[in-house]
file target.txt (compact mmCIF, C-alpha atoms)
# COMPACT_ATOMS: atom_id res chain seq x y z
CA MET A 1 5.65 -28.92 12.14
CA SER A 2 5.28 -25.77 14.18
CA SER A 3 5.40 -27.63 17.52
CA LYS A 4 9.01 -28.62 16.79
CA VAL A 5 10.13 -25.07 16.03
CA GLN A 6 11.75 -23.01 18.77
CA TYR A 7 10.52 -19.67 17.53
CA SER A 8 12.53 -17.57 19.95
CA SER A 9 15.82 -19.11 18.83
CA ALA A 10 15.04 -19.34 15.11
CA GLU A 11 16.75 -16.94 12.69
CA ASP A 12 14.66 -14.35 10.83
CA PRO A 13 14.86 -16.12 7.43
CA GLN A 14 13.52 -19.35 8.95
CA LEU A 15 10.67 -17.49 10.66
CA VAL A 16 9.88 -15.72 7.39
CA ARG A 17 9.72 -19.04 5.51
CA LEU A 18 7.36 -20.46 8.14
CA ALA A 19 5.22 -17.32 8.11
CA GLN A 20 5.04 -17.46 4.31
CA LYS A 21 3.44 -20.89 4.73
CA GLY A 22 0.83 -19.39 7.05
CA ASP A 23 2.49 -19.99 10.44
CA SER A 24 1.15 -17.08 12.48
CA GLU A 25 3.27 -17.95 15.52
CA ALA A 26 6.41 -17.45 13.44
CA PHE A 27 5.03 -14.11 12.30
CA GLU A 28 4.23 -13.13 15.88
CA GLU A 29 7.87 -13.77 16.79
CA LEU A 30 8.99 -11.50 13.93
CA VAL A 31 6.64 -8.80 15.19
CA ALA A 32 8.02 -9.14 18.71
CA ARG A 33 11.61 -8.83 17.47
CA HIS A 34 11.20 -5.82 15.23
CA ARG A 35 8.19 -3.97 16.60
CA ASP A 36 10.25 -1.32 18.45
CA LYS A 37 12.25 -0.44 15.33
CA ILE A 38 9.13 -0.22 13.18
CA TYR A 39 7.27 1.82 15.75
CA ALA A 40 10.28 4.12 16.28
CA ARG A 41 10.47 4.86 12.56
CA ALA A 42 6.76 5.68 12.43
CA TYR A 43 7.03 7.83 15.55
CA THR A 44 10.06 9.77 14.31
CA MET A 45 8.27 10.56 11.07
CA MET A 46 4.80 11.26 12.45
CA ARG A 47 5.65 12.80 15.86
CA ASN A 48 2.45 11.34 17.26
CA GLU A 49 2.25 8.25 19.47
CA GLU A 50 -1.23 7.19 18.42
CA GLU A 51 -0.59 7.61 14.71
CA ALA A 52 2.72 5.79 15.07
CA LEU A 53 0.99 2.86 16.77
CA ASP A 54 -1.72 2.69 14.09
CA LEU A 55 0.71 2.95 11.19
CA SER A 56 3.20 0.48 12.62
CA GLN A 57 0.43 -2.07 13.18
CA GLU A 58 -0.93 -1.43 9.70
CA ALA A 59 2.58 -2.07 8.38
CA TRP A 60 2.62 -5.51 10.04
CA ILE A 61 -0.77 -6.37 8.58
CA LYS A 62 0.41 -5.34 5.11
CA ALA A 63 3.58 -7.34 5.60
CA TRP A 64 1.56 -10.48 6.41
CA GLN A 65 -0.54 -10.00 3.28
CA ARG A 66 2.52 -9.43 1.07
CA LEU A 67 4.85 -11.90 2.73
CA VAL A 68 4.93 -14.16 -0.32
CA GLN A 69 6.45 -11.24 -2.26
CA PHE A 70 9.42 -11.03 0.11
CA GLN A 71 12.28 -12.71 -1.72
CA GLY A 72 15.01 -12.04 0.82
CA ASP A 73 16.90 -9.54 -1.35
CA SER A 74 17.25 -7.36 1.74
CA SER A 75 16.89 -8.23 5.42
CA PHE A 76 13.38 -8.70 6.76
CA ALA A 77 13.84 -5.66 9.04
CA THR A 78 14.81 -3.47 6.06
CA TRP A 79 11.82 -4.71 4.08
CA MET A 80 9.55 -3.95 7.02
CA THR A 81 10.92 -0.44 7.58
CA ARG A 82 10.34 0.37 3.92
CA ILE A 83 6.69 -0.65 4.32
CA VAL A 84 6.19 1.56 7.35
CA ILE A 85 8.05 4.48 5.71
CA ASN A 86 5.75 4.28 2.67
CA LEU A 87 2.68 4.20 4.92
CA CYS A 88 3.94 7.24 6.84
CA LEU A 89 4.70 9.13 3.61
CA ASP A 90 1.19 8.39 2.32
CA GLN A 91 -0.29 9.62 5.58
CA LEU A 92 1.85 12.78 5.56
CA ARG A 93 0.81 13.51 1.96
CA ARG A 94 -2.85 13.14 2.92
CA GLN A 95 -2.34 15.48 5.86
CA LYS A 96 -0.50 17.98 3.69
CA ARG A 97 -3.34 18.05 1.20
CA MET A 98 -5.68 18.91 4.04
CA ARG A 99 -3.73 21.92 5.23
CA SER A 100 -2.56 24.94 3.29
CA GLU A 101 1.15 25.56 3.03
CA SER A 102 2.32 28.34 5.29
CA ILE A 103 4.82 31.03 4.33
CA ASP A 104 7.25 29.39 6.76
CA GLU A 105 7.18 26.15 4.83
CA MET A 106 7.77 27.90 1.53
CA ASP A 107 10.76 29.65 3.10
CA GLU A 108 12.08 26.32 4.41
CA GLU A 109 11.84 24.84 0.93
CA SER A 110 14.35 27.32 -0.42
CA GLY A 111 16.74 26.96 2.50
CA GLY A 112 15.46 29.94 4.44
CA VAL A 113 17.85 31.88 6.65
CA GLU A 114 19.79 28.73 7.51
CA ARG A 115 22.01 29.00 4.45
CA GLN A 116 23.24 32.38 5.71
CA MET A 117 23.57 31.29 9.33
CA GLU A 118 27.04 31.30 10.83
CA PRO A 119 28.21 27.78 11.68
CA VAL A 120 27.54 26.81 15.28
CA ILE A 121 30.97 26.71 16.84
CA ILE A 122 30.07 24.92 20.05
CA ASN A 123 29.54 21.20 19.91
CA PRO A 124 25.81 20.66 20.49
CA THR A 125 26.42 17.23 21.94
CA GLU A 126 29.13 17.98 24.47
CA ARG A 127 28.44 17.50 28.17
CA LEU A 128 25.07 15.89 27.50
CA GLU A 129 23.94 12.51 28.78
CA ARG A 130 22.53 10.21 26.11
CA GLY A 131 19.02 10.39 27.59
CA GLU A 132 19.10 14.16 27.79
CA LEU A 133 20.45 14.45 24.27
CA ARG A 134 17.65 12.20 23.03
CA LYS A 135 15.04 14.49 24.61
CA ARG A 136 16.61 17.52 22.98
CA ILE A 137 16.80 15.90 19.57
CA ASP A 138 13.18 14.86 19.99
CA ALA A 139 12.19 18.46 20.77
CA ALA A 140 14.25 19.78 17.85
CA LEU A 141 12.75 17.25 15.40
CA GLU A 142 9.33 18.44 16.49
CA LYS A 143 10.16 21.91 15.18
CA LEU A 144 11.01 20.74 11.65
CA SER A 145 8.44 20.55 8.89
CA HIS A 146 7.57 16.98 7.91
CA GLU A 147 9.42 17.34 4.58
CA HIS A 148 12.69 18.23 6.28
CA ARG A 149 12.23 15.73 9.06
CA THR A 150 11.51 12.96 6.58
CA VAL A 151 14.67 13.66 4.57
CA LEU A 152 16.69 13.69 7.77
CA VAL A 153 15.14 10.45 9.02
CA LEU A 154 15.61 8.65 5.70
CA HIS A 155 19.23 9.76 5.50
CA GLU A 156 20.36 9.48 9.12
CA PHE A 157 18.35 6.49 10.30
CA GLU A 158 17.49 4.58 7.15
CA GLU A 159 20.90 5.40 5.64
CA MET A 160 19.43 6.02 2.22
CA GLU A 161 21.50 7.72 -0.48
CA TYR A 162 20.36 11.04 -1.95
CA LYS A 163 19.01 9.47 -5.14
CA GLU A 164 17.06 6.85 -3.18
CA ILE A 165 15.47 9.51 -0.98
CA ALA A 166 14.63 11.55 -4.08
CA ARG A 167 12.92 8.52 -5.63
CA THR A 168 11.03 7.71 -2.42
CA MET A 169 9.83 11.27 -1.91
CA GLY A 170 9.25 12.02 -5.58
CA CYS A 171 11.52 15.06 -5.90
CA SER A 172 14.90 16.03 -7.34
CA ILE A 173 18.28 15.23 -5.79
CA GLY A 174 18.91 18.99 -5.56
CA THR A 175 15.78 19.43 -3.44
CA ILE A 176 16.85 16.55 -1.20
CA MET A 177 20.33 18.05 -0.69
CA SER A 178 18.81 21.42 0.08
CA ARG A 179 16.25 20.00 2.52
CA LEU A 180 18.83 17.85 4.27
CA PHE A 181 21.17 20.82 4.63
CA TYR A 182 18.41 22.98 6.03
CA ALA A 183 17.26 20.26 8.44
CA ARG A 184 20.77 19.66 9.78
CA ARG A 185 21.51 23.34 10.23
CA ARG A 186 18.20 23.90 11.96
CA MET A 187 18.88 20.93 14.26
CA ALA A 188 22.35 22.29 15.05
CA GLY A 189 20.88 25.70 15.77
CA LEU A 190 18.15 24.30 18.01
CA LEU A 191 20.54 22.08 19.94
CA ALA A 192 23.05 24.91 20.38
CA ASP A 193 20.27 27.21 21.50
CA LEU A 194 19.29 24.71 24.15
CA ASN A 195 22.92 24.55 25.29
CA ARG A 196 23.16 28.32 25.50
CA LYS A 197 19.92 28.56 27.52
CA GLU A 198 21.27 25.99 29.95
CA GLU A 199 24.46 28.00 30.43
CA LEU A 200 22.58 31.21 31.32
CA MET B 1 29.95 33.81 3.50
CA ILE B 2 30.50 30.55 1.59
CA GLU B 3 28.52 29.99 -1.61
CA PHE B 4 25.45 27.79 -1.15
CA ASP B 5 26.76 25.39 -3.77
CA LEU B 6 29.94 24.87 -1.74
CA GLN B 7 27.89 24.44 1.44
CA LEU B 8 26.01 21.60 -0.23
CA LYS B 9 29.28 20.09 -1.46
CA ILE B 10 30.66 20.12 2.09
CA GLN B 11 27.58 18.23 3.19
CA ALA B 12 27.89 15.82 0.25
CA LEU B 13 31.49 15.13 1.22
CA LEU B 14 30.34 14.21 4.71
CA ASP B 15 27.70 11.90 3.28
CA GLY B 16 30.10 10.19 0.87
CA GLU B 17 28.15 11.42 -2.15
CA LEU B 18 31.05 13.01 -4.06
CA SER B 19 33.29 11.44 -6.66
CA GLU B 20 36.89 10.87 -5.66
CA SER B 21 38.18 13.95 -7.50
CA GLU B 22 35.38 16.20 -6.16
CA ALA B 23 35.98 14.91 -2.64
CA ARG B 24 39.69 15.78 -2.89
CA GLU B 25 38.84 19.26 -4.15
CA VAL B 26 36.29 20.01 -1.40
CA ALA B 27 38.57 18.58 1.30
CA GLY B 28 41.24 21.00 0.09
CA LEU B 29 38.80 23.92 0.33
CA ILE B 30 37.83 22.93 3.88
CA ALA B 31 41.47 22.77 4.89
CA ALA B 32 42.09 26.26 3.49
CA ASN B 33 38.90 27.97 4.67
CA PRO B 34 38.08 28.17 8.43
CA GLU B 35 34.43 28.98 7.76
CA ALA B 36 34.10 25.90 5.56
CA ALA B 37 35.88 23.86 8.22
CA ALA B 38 33.46 25.14 10.90
CA LEU B 39 30.46 24.23 8.76
CA HIS B 40 31.89 20.76 8.13
CA ALA B 41 32.44 20.28 11.88
CA GLU B 42 28.90 21.44 12.68
CA LEU B 43 27.30 19.08 10.17
CA LYS B 44 29.47 16.24 11.45
CA ASN B 45 28.52 16.91 15.10
CA THR B 46 24.82 17.06 14.26
CA ARG B 47 25.03 13.76 12.46
CA ARG B 48 26.88 12.20 15.38
CA ALA B 49 24.32 13.56 17.84
CA MET B 50 21.49 11.90 15.97
CA ALA B 51 23.13 8.49 15.75
CA GLY B 52 21.24 5.94 17.81
CA PHE B 53 18.35 8.31 18.54
CA GLU B 54 15.68 5.84 17.42
CA ALA B 55 17.12 3.04 19.52
CA GLY B 56 15.64 4.65 22.61
CA ILE B 57 12.07 4.65 21.27
CA LYS B 58 9.95 1.69 22.39
CA VAL B 59 6.37 0.64 21.66
CA PRO B 60 4.28 2.01 24.54
CA GLU B 61 2.24 -1.21 24.73
CA ALA B 62 2.81 -4.74 26.00
CA ARG B 63 3.81 -7.34 23.41
CA GLU B 64 0.51 -9.27 23.75
CA PHE B 65 -1.66 -6.20 23.45
CA TYR B 66 0.24 -4.91 20.43
CA TRP B 67 0.08 -8.31 18.72
CA SER B 68 -3.58 -8.93 19.53
CA ARG B 69 -4.71 -6.00 17.41
CA ILE B 70 -2.55 -7.11 14.48
CA SER B 71 -3.77 -10.68 14.84
CA ARG B 72 -7.44 -9.62 14.97
CA GLU B 73 -7.06 -7.46 11.88
CA ILE B 74 -5.26 -10.23 9.96
CA SER B 75 -8.11 -12.65 10.81
CA ARG B 76 -10.72 -10.10 9.75
CA VAL B 77 -8.98 -9.37 6.44
CA GLU B 78 -8.52 -13.07 5.71
CA GLN B 79 -12.18 -13.78 6.45
CA THR B 80 -13.19 -11.02 4.09
CA ASN B 81 -10.85 -12.35 1.41
CA SER B 82 -12.06 -15.93 1.79
CA ALA B 83 -15.68 -14.73 1.63
CA LYS B 84 -14.83 -13.01 -1.63
CA ALA B 85 -13.02 -16.11 -2.89
CA THR B 86 -15.84 -18.59 -1.95
CA PRO B 87 -18.90 -17.94 -4.14
CA ALA B 88 -22.41 -18.35 -2.75
CA LEU B 89 -24.61 -21.32 -3.87
CA TRP B 90 -26.62 -19.18 -6.26
CA GLN B 91 -23.34 -17.95 -7.79
CA VAL B 92 -22.21 -21.55 -8.34
CA LEU B 93 -25.61 -22.48 -9.82
CA SER B 94 -25.67 -19.42 -12.03
CA GLY B 95 -22.29 -20.47 -13.28
CA TRP B 96 -23.80 -23.74 -14.50
CA LEU B 97 -27.17 -22.35 -15.49
CA LYS B 98 -25.80 -19.66 -17.77
CA PRO B 99 -24.30 -22.02 -20.38
CA ILE B 100 -27.27 -24.39 -20.07
CA GLY B 101 -29.64 -21.47 -20.53
CA ALA B 102 -27.69 -20.31 -23.55
CA VAL B 103 -27.85 -23.77 -25.15
CA ALA B 104 -31.58 -24.00 -24.37
CA ALA B 105 -32.17 -20.59 -25.93
CA VAL B 106 -30.31 -21.61 -29.08
CA ALA B 107 -32.31 -24.87 -29.23
CA LEU B 108 -35.60 -22.99 -28.77
CA VAL B 109 -34.74 -20.59 -31.55
CA GLY B 110 -33.90 -23.59 -33.72
CA VAL B 111 -37.20 -25.32 -32.97
CA LEU B 112 -39.18 -22.15 -33.60
CA ALA B 113 -37.39 -21.58 -36.88
CA TRP B 114 -38.03 -25.15 -37.91
CA HIS B 115 -41.66 -24.89 -36.86
CA GLN B 116 -42.09 -21.67 -38.79
CA ALA B 117 -40.49 -23.27 -41.81
CA ALA B 118 -42.87 -26.18 -41.46
CA GLN B 119 -45.83 -23.85 -41.21
CA THR B 120 -44.81 -22.01 -44.34
CA SER B 121 -44.49 -25.27 -46.28
CA ASP B 122 -46.75 -25.86 -49.24
CA THR B 123 -49.57 -27.72 -47.57
CA LEU B 124 -50.95 -28.16 -44.14
CA VAL B 125 -53.77 -30.58 -43.61
CA THR B 126 -55.76 -30.62 -40.43
CA ALA B 127 -58.39 -33.20 -39.67
CA GLN B 128 -60.72 -32.61 -36.81
CA MET B 129 -62.65 -35.78 -36.81
CA ASP B 130 -64.76 -35.16 -33.76
CA ALA B 131 -65.88 -31.91 -35.28
CA ASP B 132 -66.84 -33.84 -38.44
CA SER B 133 -64.63 -31.72 -40.60
CA ILE B 134 -61.47 -32.06 -42.70
CA THR B 135 -59.42 -28.98 -43.55
CA PHE B 136 -57.02 -28.57 -46.47
CA GLN B 137 -54.80 -25.49 -46.38
CA ASN B 138 -52.31 -24.24 -48.97
CA ASP B 139 -50.47 -21.17 -47.64
CA GLU B 140 -48.59 -20.56 -50.83
CA ASP B 141 -51.81 -20.11 -52.80
CA GLY B 142 -53.74 -18.74 -49.85
CA VAL B 143 -56.42 -21.43 -50.26
CA THR B 144 -58.22 -23.28 -47.50
CA PHE B 145 -60.88 -25.98 -47.99
CA VAL B 146 -63.01 -27.35 -45.24
CA TRP B 147 -65.21 -30.47 -45.73
CA PHE B 148 -68.10 -31.02 -43.41
CA THR B 149 -69.67 -34.45 -43.38
CA TYR B 150 -73.26 -35.04 -42.65
CA PRO B 151 -74.03 -37.43 -41.20
CA ALA B 152 -70.57 -38.12 -39.83
CA GLU B 153 -68.58 -40.40 -42.05
CA ASN B 154 -65.53 -41.07 -40.06
CA ARG B 155 -64.80 -43.95 -37.73
CA VAL B 156 -64.97 -41.94 -34.55
CA ALA B 157 -68.33 -40.57 -35.45
CA ASN B 158 -69.64 -43.97 -36.32
CA GLU B 159 -68.47 -45.56 -33.12
CA SER B 160 -69.55 -42.83 -30.78
CA ASP B 161 -72.94 -42.24 -29.48
CA LEU B 162 -73.16 -38.75 -30.74
CA ASN B 163 -76.45 -37.19 -31.44
CA THR B 164 -76.14 -36.21 -34.98
CA LEU B 165 -78.75 -34.46 -36.95
CA ASN B 166 -81.18 -36.95 -38.40
call {"tool": "encode", "arguments": {"input": "target.txt", "output": "structure tokens"}}
result
Amino acid sequence: MSSKVQYSSAEDPQLVRLAQKGDSEAFEELVARHRDKIYARAYTMMRNEEEALDLSQEAWIKAWQRLVQFQGDSSFATWMTRIVINLCLDQLRRQKRMRSESIDEMDEESGGVERQMEPVIINPTERLERGELRKRIDAALEKLSHEHRTVLVLHEFEEMEYKEIARTMGCSIGTIMSRLFYARRRMAGLLADLNRKEEL
Amino acid sequence: MIEFDLQLKIQALLDGELSESEAREVAGLIAANPEAAALHAELKNTRRAMAGFEAGIKVPEAREFYWSRISREISRVEQTNSAKATPALWQVLSGWLKPIGAVAAVALVGVLAWHQAAQTSDTLVTAQMDADSITFQNDEDGVTFVWFTYPAENRVANESDLNTLN
């Protein structure tokens, strides 16, 4: 059966059906197609290359074990990203338990000074090459707490609605709105600050 | 300074999270308030800046290397699962032996009960011919009689070459 299949040209649903029957070559093709996206999500959330590699690979192993449960209600890529997001959230919760919350984090939770900050008038993205902008966003994301970064990632990259993020993270919609607002304003501030430094 | 509640509503408008009437109301406020308009523009720019950020992130490993670890782990997990699913020989045997043992135990109890019942019956007669004695025992009355013959009167004694007392 598998010798007749052109894995590289097969659509995702066909590869999923083959993988559900135990065809590991079909599964390997799915991994090859979506591995960057899955790794990128893990990296954006964890901010650590090694952890992102481990968690993304763990997500693929879990996916293989649970493949029979995939009914095709969403795309395979969406299903996979939800697996890796849940693994990252579990890992972040474990890490949080291991460290004590700092005063900074408590301040961030309530919105901190960002709610009183004047809007950044300059456009943080103007005159920047895509590659340069990516580096700056990367550096700015690094400065956010994992709670704020996670809300931002789930909203901006996973395109989840507020209520879905609240369910995923186990908090209220109000907290999600507040965290998202804080995260965006902090990002704007950090990107604008980088722009100002460059102008000096 | 704009109220925090309005700040969040401006954000919600951008994210398409407001009802139609609320969206109209907040849009009106943004149009009338330069500070609200500036905040809306800032949030919009930040969102635009982040679009496509993840697309530039790639796995820092070759396809084969990345897959090999997944493949190895899948094989290991499946071996572990199949080992759990396939019982050892003693487990299979114990599966059969348990019901057989239970039946045997019930049968033994039955035999013992029957034997005990037989022993407690009215009369038990034991003849030990080679010992030249006949025993009569009545458990109910607690009476036991033993007859000794001299010389031996039974067939075995007569046929054997025993040295009996003369």
call {"tool": "residues_around", "arguments": {"input": "target.txt", "residues": "Arg63 in chain B", "least_positions_apart": "6", "cutoff": "10 Å", "atoms": "all atoms listed in the file", "output": "list of chain:residue names"}}
result
A:Glu28, A:Val31, A:Ala32, A:Arg33, A:Arg35
call {"tool": "residues_around", "arguments": {"input": "target.txt", "residues": "Leu154 in chain A", "least_positions_apart": "6", "cutoff": "12 Å", "atoms": "only C-alpha atoms", "output": "ChimeraX atom specification"}}
result
/A:41-42,44-45,81-82,84-86,88-89,146-148,160-169,176,179-180
call {"tool": "interface_residues", "arguments": {"input": "target.txt", "of": "chain B", "to": "chain A", "cutoff": "7 Å", "atoms": "all atoms listed in the file", "output": "compact mmCIF listing (two decimals) with C-alpha atoms, in the coordinates of the input"}}
result
# COMPACT_ATOMS: atom_id res chain seq x y z
CA PHE B 4 25.45 27.79 -1.15
CA LEU B 8 26.01 21.60 -0.23
CA ALA B 38 33.46 25.14 10.90
CA LEU B 39 30.46 24.23 8.76
CA GLU B 42 28.90 21.44 12.68
CA LEU B 43 27.30 19.08 10.17
CA ASN B 45 28.52 16.91 15.10
CA THR B 46 24.82 17.06 14.26
CA ALA B 49 24.32 13.56 17.84
CA PHE B 53 18.35 8.31 18.54
CA GLU B 54 15.68 5.84 17.42
CA ILE B 57 12.07 4.65 21.27
CA LYS B 58 9.95 1.69 22.39
CA VAL B 59 6.37 0.64 21.66
CA ARG B 63 3.81 -7.34 23.41
CA TRP B 67 0.08 -8.31 18.72
CA ILE B 70 -2.55 -7.11 14.48
CA ILE B 74 -5.26 -10.23 9.96
call {"tool": "atom_distance", "arguments": {"input": "target.txt", "atom1": "CA of Leu55 in chain A", "atom2": "CA of Ile83 in chain A"}}
result
9.8 Å
call {"tool": "atom_distance", "arguments": {"input": "target.txt", "atom1": "CA of Asn81 in chain B", "atom2": "CA of Ser75 in chain A"}}
result
28.3 Å
call {"tool": "atom_distance", "arguments": {"input": "target.txt", "atom1": "CA of Ala10 in chain A", "atom2": "CA of Ala77 in chain A"}}
result
15.0 Å
